[in-house]
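Data first, discussion second: the structure below is written as structure tokens.
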Amino acid sequence: MAICKVWISLLLALAVVLSAPAARAEEAAAAAEEAAAPEAVLTLHADNFDDAIAKHPFILVEFYAPWCGHCKSLAPEYEKAAQLLSKHDPAIVLAKVDANDEKNKPLAGKYEVQGFPTLKIFRNGGKNIQEYKGPREAEGIVEYLKKQVGPASKEIKAPEDATYLEDGKIHIVGVFTEFSGTEFTNFLELAEKLRSDYDFGHTVHANHLPRGDAAVERPLVRLFKPFDELVVDSKDFDVSALEKFIDASSTPKVVTFDKNPDNHPYLLKFFQTNAPKAMLFLNFSTGPFESFKSAYYGAVEEFSGKDVKFLIGDIEASQGAFQYFGLKEDQAPLILIQDSDSKKFLKEQVEAGQIVAWLKDYFDGKLTPFRKSEPIPEANNEPVKVVVADNVHDVVFKSGKNVLIEFYAPWCGHCKKLAPILDEAAATLQSEEDVVIAKMDATANDVPSEFDVQGYPTLYFVTPSGKKVSYEGGRTADEIVDYIKKNKETAGQAAAADTEKAAEPAATEPLKDEL
């Protein structure tokens with residue numbers, strides 16, 4: 001399973017919940033008044049989307065689903081922000097698309113909508129598209145978007161212009177001898193590209209900056225951050241090199257997973273990277289926390305040259321991570337590594353003095369991977385067969401049968417609706433000995449790398465010859481049965497396919513009904 005966009009969406013949801021404003025009686029009254037006014041948020045759909053994007057040089061679009069709780073929470077804040085920004089000069093336009101509507105699903109696919117709500121900024125007729133990474137309450141949305149429509153980089157003319165650089169966030173400042181030339185042009189290009197992620201500034205007066213030095217050798221790019229060494233510089237003005245410099249410098253050497261919302265941007269970045277990840281989970285408030293922290297930070301320094309990212313997590317705040325990775329609290333303190341191939345390595349009940357040696361064993365290739373799996377069912381007599389990580393390959397790829405497999409989550413509404421339909425289809429096909437309908441709880445088992453599961457339910461159809469395609473049939477029992485009968489392989493066809501197989505089948509995107 002690719003480093004989990006499902007898990008990333010859970011983190012995003014957490015950030016939304018923690019940043020949501022508390023409900024107040026006066027806000028409810030104001031919302032009632034606003035409900036009577038015409039909507040300031042444009043409603044877009046497949047027929048008018050392209051025209052709207054072309055018409056407005058800057059537009060924020062929310063892709064939502066009517067059933068999504070976070071979308072419902074955002075709606076009044078989004079509308080309020082749209083009302084306020086409609087008075088801005090020039091007006092800043094906010095729009096929304098029901099991505100759950102069948103006719104709009106191609107738009108959601110085109111713009112890589114992996115969860116709800118997803119907000120994207122479209123500039124210059126859609127030539128420049130960026131993720132919205134600002135607040136989710138009206139005042140924050142307004143403030144963020146006003147910055148987004150101004151210059152990508154702000155000139156620092158005096159020391160008082162630079163006070164914002166010490167606000168505890170990440171900022172990038174270019175220091176130049178003059179505002180011209182290749183270096184300055186490249187800097188502005190980068191600022192425009194990354195403006196939704198960072199605040200940029202530029203100056204010819206290095207002494208105006210915090211910890212500034214008038215004698216600094218210019219030009220250079222200085223990154224301010226509230227962790228580690230606080231200030232880092234680069235003199236390589238190649239756009240790609242600058243982007244790599246910012247990416248590498250803007251994450252703490254050790255990311256902290258706790259309830260502090262200031263850490264959430266670093267958490268998202270940590271889980272989005274494909275680099276190997278080392279994660280130490282323990283109780284921050286009890287036990288020898290300081291000795292573990294000291295040992296872990298020492299290990300980070302010792303292995304600083306290795307391609308691995310580090311995280312330390314508080315058990316109390318990391319329940320989602322424990323569920324995702326199949327961990328239990330009584331295993332802590334524990335250290336877990338997930339490599340770039342999603343293989344996991346676990347050391348439970350680790351002691352502070354064992355951390356360095358265990359990490360060395362990992363880098364030396366001496367550890368055995370850990371796999372999250374429910375127990376293989378002793379009895380599996382229901383029409384829809386239960387598969388787990390420890391037997392999924394045997395059932396799906398080695399059984400010699402045509403298998404329709406559903407990857408689901410117990411909390412997923414669409415999965416619950418589909419369950420009796422799959423039961424009915426499986427009962428209808430029980431006499432077909434070469435057909436299996438199976439299901440896997442993707443929250444309790446590691447999904448094999450052969451399947452791309454980024455939403456629930458996701459269904460694949462696998463034939464005896466190993467041909468794997470996303471299920472593209474209907475969602476009634478009769479439609480599922482007809483699809484399987486039409487697409488299944490006989491024993492003879494499977495044997496012929498095995499002998500003729502010269503290339504892998506084309507990759508397909510799985511059908512996703514809920515993200």
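In the structure tokens, chains take the letters A, B, ... in the order shown, each chain's residues start at 1, and ligands count up from 1 in the order shown.
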Test item: residues at most 10 Å from A:Leu242, only C-alpha atoms, excluding those fewer than 5 positions along its chain, as a PDB file with N, CA, C and O atoms, in the first residue's frame:
ATOM      1  N   ASN A 186      14.899  33.831 -10.401  1.00  0.00           N
ATOM      2  CA  ASN A 186      14.662  32.453  -9.939  1.00  0.00           C
ATOM      3  C   ASN A 186      13.987  32.433  -8.568  1.00  0.00           C
ATOM      4  O   ASN A 186      13.132  31.588  -8.295  1.00  0.00           O
ATOM      5  N   PHE A 187      14.391  33.368  -7.717  1.00  0.00           N
ATOM      6  CA  PHE A 187      13.790  33.436  -6.386  1.00  0.00           C
ATOM      7  C   PHE A 187      12.296  33.746  -6.493  1.00  0.00           C
ATOM      8  O   PHE A 187      11.469  33.112  -5.810  1.00  0.00           O
ATOM      9  N   LEU A 190      10.358  30.723  -7.681  1.00  0.00           N
ATOM     10  CA  LEU A 190      10.166  29.756  -6.605  1.00  0.00           C
ATOM     11  C   LEU A 190       9.099  30.249  -5.625  1.00  0.00           C
ATOM     12  O   LEU A 190       8.261  29.458  -5.153  1.00  0.00           O
ATOM     13  N   VAL A 221      19.794  32.869   0.068  1.00  0.00           N
ATOM     14  CA  VAL A 221      18.436  32.614   0.554  1.00  0.00           C
ATOM     15  C   VAL A 221      18.551  32.154   1.999  1.00  0.00           C
ATOM     16  O   VAL A 221      19.312  31.225   2.304  1.00  0.00           O
ATOM     17  N   SER A 234      21.326  29.246   1.926  1.00  0.00           N
ATOM     18  CA  SER A 234      21.743  28.590   0.686  1.00  0.00           C
ATOM     19  C   SER A 234      22.135  29.653  -0.319  1.00  0.00           C
ATOM     20  O   SER A 234      21.498  30.704  -0.415  1.00  0.00           O
ATOM     21  N   LYS A 235      23.179  29.363  -1.101  1.00  0.00           N
ATOM     22  CA  LYS A 235      23.619  30.299  -2.138  1.00  0.00           C
ATOM     23  C   LYS A 235      23.442  29.713  -3.534  1.00  0.00           C
ATOM     24  O   LYS A 235      23.885  30.287  -4.518  1.00  0.00           O
ATOM     25  N   ASP A 236      22.776  28.537  -3.611  1.00  0.00           N
ATOM     26  CA  ASP A 236      22.507  27.913  -4.902  1.00  0.00           C
ATOM     27  C   ASP A 236      21.143  28.397  -5.390  1.00  0.00           C
ATOM     28  O   ASP A 236      20.109  28.055  -4.809  1.00  0.00           O
ATOM     29  N   PHE A 237      21.107  29.187  -6.457  1.00  0.00           N
ATOM     30  CA  PHE A 237      19.866  29.795  -6.918  1.00  0.00           C
ATOM     31  C   PHE A 237      19.223  29.037  -8.077  1.00  0.00           C
ATOM     32  O   PHE A 237      18.285  29.549  -8.694  1.00  0.00           O
ATOM     33  N   ASP A 247      12.698  22.160   1.119  1.00  0.00           N
ATOM     34  CA  ASP A 247      12.033  20.925   1.536  1.00  0.00           C
ATOM     35  C   ASP A 247      12.810  20.237   2.656  1.00  0.00           C
ATOM     36  O   ASP A 247      12.236  19.782   3.657  1.00  0.00           O
ATOM     37  N   ALA A 248      14.129  20.170   2.504  1.00  0.00           N
ATOM     38  CA  ALA A 248      14.955  19.487   3.500  1.00  0.00           C
ATOM     39  C   ALA A 248      15.054  20.272   4.798  1.00  0.00           C
ATOM     40  O   ALA A 248      15.163  19.683   5.884  1.00  0.00           O
TER      41      ALA A 248
END
All residues 9 Å or closer to stretch 150-159 of chain A, only C-alpha atoms, same chain fewer than 3 positions away omitted, as an NGL selection string: :A and (145-147 or 162-163 or 173 or 187-189 or 191-195 or 199-205 or 207-210)
Can you check which residues of stretch 143-359 of chain A DSSP gives as strand (DSSP E or B) on the backbone and send them as number ranges by chain? A: 153-155, 171-175, 199-203, 220-224, 231-234, 254-257, 277-282, 309-314, 334-338, 344-347
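Atom CA of A:Val453 is found 19.8 Å from atom CA of A:Phe370.
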